[in-house]
Amino acid sequence: MSLTLFSTDGCHLCEQAWALLAQTGLQSQTQISDIIDDERWLAAYSIRIPVLRRQDGAELDWPFTAADILEFSRVI
């Protein structure tokens, strides 16, 4: 299983999302991608971050809870 957390430096909501991933035990299976590193990510996520994306392309927009993350990750 692989998840991507779209984030950027200084985003307090992104830090909260990362803490929720730690609560669920999914941090080690999640890659953080800074939206500033890719023009397409910046266009797609600049006002939506944090966004969690699964390998199949499905996305979970903030706000989400630890329970939401667990349910989202089970579909993988």
# chains A, B, ... in the order shown; residues from 1 in each chain; ligands from 1
>>> residues_around(residues="range 23-26 of chain A", least_positions_apart="5", cutoff="8 Å", atoms="only C-alpha atoms", output="PyMOL selection string")
chain A and resi 66+69-70
>>> residues_around(residues="Ile32 in chain A", least_positions_apart="4", cutoff="8 Å", atoms="only C-alpha atoms", output="MDAnalysis selection string")
chainID A and resid 4:7
>>> atom_distance(atom1="CA of Phe72 in chain A", atom2="CA of Glu39 in chain A")
26.3 Å
>>> closest_residue(among="A:Ala22, A:Cys11, A:Ala17, A:Val75", to="Arg54 in chain A", atoms="only C-alpha atoms")
A:Val75
>>> residues_around(residues="Leu13 in chain A", least_positions_apart="6", cutoff="12 Å", atoms="only C-alpha atoms", output="list of chain:residue names")
A:Leu5, A:Phe6, A:Ser7, A:Ala19, A:Leu20, A:Ile47, A:Arg48, A:Ile49, A:Pro50, A:Val51, A:Asp61, A:Trp62, A:Pro63, A:Phe64, A:Thr65
